[in-house]
Each structure stands twice: as structure tokens, then as C-alpha cells.
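Each remark here refers to the structure printed beneath this line.
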Amino acid sequence: MAYDPTENEITRRSFLSRAIVGIGGLIGAVFTGIGGGYFLSPLWHKKKESWVDLGLVKDFREGVPVKVDFTVRKRDAWSTIESRSSAWIVTANLKEFIAFDPKCTHLGCPYRWSDDKKQFLCPCHTATFGIDGKVVSGPPPRPLDRYPTKVVGGHLLILPQKTAEA
């Protein structure tokens with residue numbers, strides 16, 4: 001076998017073909033990295049909890065449920081969406097608080113507190129709940145839903161994401 005120098009010679013056509021394939025591969029790798037990072041980025045970001053300040057602890061009364069209105073702000077990329085909501089707040093000692101979602105667990109109707117009966121009354125199908133949120137009568141399948149609460153610096157904070165009754 002004799003050595004043929006033209007065998008290993010790169011022609012202009014083969015050089016351009018290899019360059020185009022290489023550049024195309026590089027562009028594909030960059031877009032794959034960017035697209036993969038976009039879709040996988042929620043895995044690396046911790047979800048920020050949005051606690052809402054409902055006011056000073058001293059403004060609440062022991063044993064008397066109070067309906068409190070508040071604004072929930074949800075941040076989505078470049079926009080912030082605000083919505084109005086409310087919660088029923090109950091405390092027995094001004095240290096531990098229960099925040100109830102304002103919707104009945106039967107059909108989602110709004111309920112109210114009755115000072116006379118000392119119960120939460122729902123007009124839909126005559127559902128009633130005790131001050132602890134447990135079903136007293138009617139068709140609701142479970143107690144009232146709750147929001148997590150905490151007291152920080154004399155202020156009552158809630159996390160307006162429903163949790164089932166504990």
C-alpha cells in the first residue's frame with residue numbers, strides 16, 4: 001500500500017459540511033440547555049410562602065369569631081395578581097388562633113356566625129358548625145377547612161392556602 005496524500009486532504013466541500021454540522025450541533029445544544037433549564041427551573045426554586053398580615057393580636061377578642069378581609073397577592077413572572085379573600089378568626093387565649101376558610105365544606109356557600117346560637121350557620125341545606133369548625137348538623141362531609149396561622153411580633157399572620165381540619 002502506497003501512501004496517497006490526497007486521501008487525508010480536506011476539500012472545501014467537506015470542510016464546509018463539517019463546519020455546518022458542528023455549528024448546527026452547537027446551536028442545538030444551546031437551545032436544548034436553555035429549554036431544559038426553563039422547564040426544569042421550578043425544581044430548583046423554592047416556593048415562597050406568602051403569609052398575610054391580618055393585624056394586631058390585641059385587636060381580636062377571646063371566644064368571639066371575627067370575619068377578616070384581606071388581599072392575596074400572587075406573583076407570576078412579570079405580573080402580580082391581587083384578589084380579595086376573607087377568613088373567620090377564632091381564639092381562646094390570644095396566643096393560639098384558628099383561621100377558617102369562609103366557605104362551607106358542603107357546596108362552598110359562605111356561612112356566618114350566629115351570636116345567639118354560638119355556631120356558624122350556612123344557609124345552604126341548613127348546615128351548622130361549632131366554634132371549633134366541626135360539623136354539628138347538616139350534610140357537610142367534613143369540618144371547616146383551615147388556614148395555617150402564626151403570631152410574629154404581635155401580628156397575626158395566615159397562609160391563605162386551605163388545609164383540611166387538623
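Every chain in the C-alpha cells takes a letter, A first, then B, and so on in the order presented; its residues are numbered from 1, and the ligands are numbered from 1 following the presented order.
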### Task
Within 10 Å of Trp113 of chain A, counting only C-alpha atoms, which residues show up once you throw out same-chain ones fewer than 2 positions away? Write them as a ChimeraX atom specification, please.
/A:64-67,88,111,115-122,128-131
Give me every helix (DSSP H, G or I) residue in segment 43-125 of chain A, going by DSSP on the backbone, as an mmCIF file with N, CA and C atoms, in the first residue's frame.
```
data_model
loop_
_atom_site.group_PDB
_atom_site.id
_atom_site.type_symbol
_atom_site.label_atom_id
_atom_site.label_comp_id
_atom_site.auth_asym_id
_atom_site.auth_seq_id
_atom_site.Cartn_x
_atom_site.Cartn_y
_atom_site.Cartn_z
ATOM 1 N N LEU A 43 -37.886 23.036 39.648
ATOM 2 C CA LEU A 43 -37.327 22.052 40.570
ATOM 3 C C LEU A 43 -36.281 22.676 41.491
ATOM 4 N N TRP A 44 -35.607 23.720 41.014
ATOM 5 C CA TRP A 44 -34.536 24.337 41.792
ATOM 6 C C TRP A 44 -35.010 25.515 42.627
ATOM 7 N N VAL A 57 -52.622 41.188 67.272
ATOM 8 C CA VAL A 57 -53.259 40.146 68.079
ATOM 9 C C VAL A 57 -54.207 40.768 69.106
ATOM 10 N N LYS A 58 -53.822 41.889 69.663
ATOM 11 C CA LYS A 58 -54.644 42.522 70.712
ATOM 12 C C LYS A 58 -55.996 43.029 70.196
ATOM 13 N N ASP A 59 -56.155 43.135 68.878
ATOM 14 C CA ASP A 59 -57.420 43.602 68.311
ATOM 15 C C ASP A 59 -58.488 42.513 68.228
ATOM 16 N N CYS A 124 -77.204 27.171 52.975
ATOM 17 C CA CYS A 124 -77.433 26.056 52.043
ATOM 18 C C CYS A 124 -77.668 24.772 52.827
ATOM 19 N N HIS A 125 -78.800 24.211 52.741
ATOM 20 C CA HIS A 125 -79.149 22.929 53.362
ATOM 21 C C HIS A 125 -79.001 22.943 54.876
#
```
### Query
Skipping near chain neighbours, those fewer than 6 positions away, what residues fall within 12 Å of Pro143 of chain A using only C-alpha atoms, listed as a PyMOL selection string?
chain A and resi 100-101+103-106+120+127-137+163-166
Atoms kept (C-alpha atoms) for selection, written as an mmCIF file, in the first residue's frame:
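Written out: again_6.cif:
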```cif
data_model
loop_
_atom_site.group_PDB
_atom_site.id
_atom_site.type_symbol
_atom_site.label_atom_id
_atom_site.label_comp_id
_atom_site.auth_asym_id
_atom_site.auth_seq_id
_atom_site.Cartn_x
_atom_site.Cartn_y
_atom_site.Cartn_z
ATOM 1 C CA PHE A 100 -61.286 29.084 58.919
ATOM 2 C CA ASP A 101 -61.850 29.291 55.176
ATOM 3 C CA LYS A 103 -66.757 28.577 52.507
ATOM 4 C CA CYS A 104 -68.908 25.686 53.691
ATOM 5 C CA THR A 105 -67.380 22.273 53.018
ATOM 6 C CA HIS A 106 -70.649 21.035 51.522
ATOM 7 C CA PHE A 120 -71.530 29.011 62.280
ATOM 8 C CA ALA A 127 -75.545 23.205 57.769
ATOM 9 C CA THR A 128 -74.195 24.216 61.181
ATOM 10 C CA PHE A 129 -70.658 24.124 62.573
ATOM 11 C CA GLY A 130 -69.383 24.580 66.113
ATOM 12 C CA ILE A 131 -66.911 27.294 67.083
ATOM 13 C CA ASP A 132 -64.187 24.648 66.629
ATOM 14 C CA GLY A 133 -65.260 24.139 62.984
ATOM 15 C CA LYS A 134 -66.672 20.655 63.492
ATOM 16 C CA VAL A 135 -69.966 19.696 61.853
ATOM 17 C CA VAL A 136 -72.897 19.964 64.273
ATOM 18 C CA SER A 137 -75.688 19.175 61.806
ATOM 19 C CA THR A 163 -55.698 22.685 54.656
ATOM 20 C CA ALA A 164 -58.170 20.168 55.967
ATOM 21 C CA GLU A 165 -59.190 20.465 59.598
ATOM 22 C CA ALA A 166 -56.449 19.101 61.862
#
```
### Task
Quick one: everything within 12 Å of Arg84 of chain A, counting only C-alpha atoms, minus sequence neighbours fewer than 4 positions away in the same chain. Send it as a ChimeraX atom specification.
/A:52,68-74,160
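Note that atom CA of Leu54 of chain A and atom CA of Ile158 of chain A are 7.3 Å apart.
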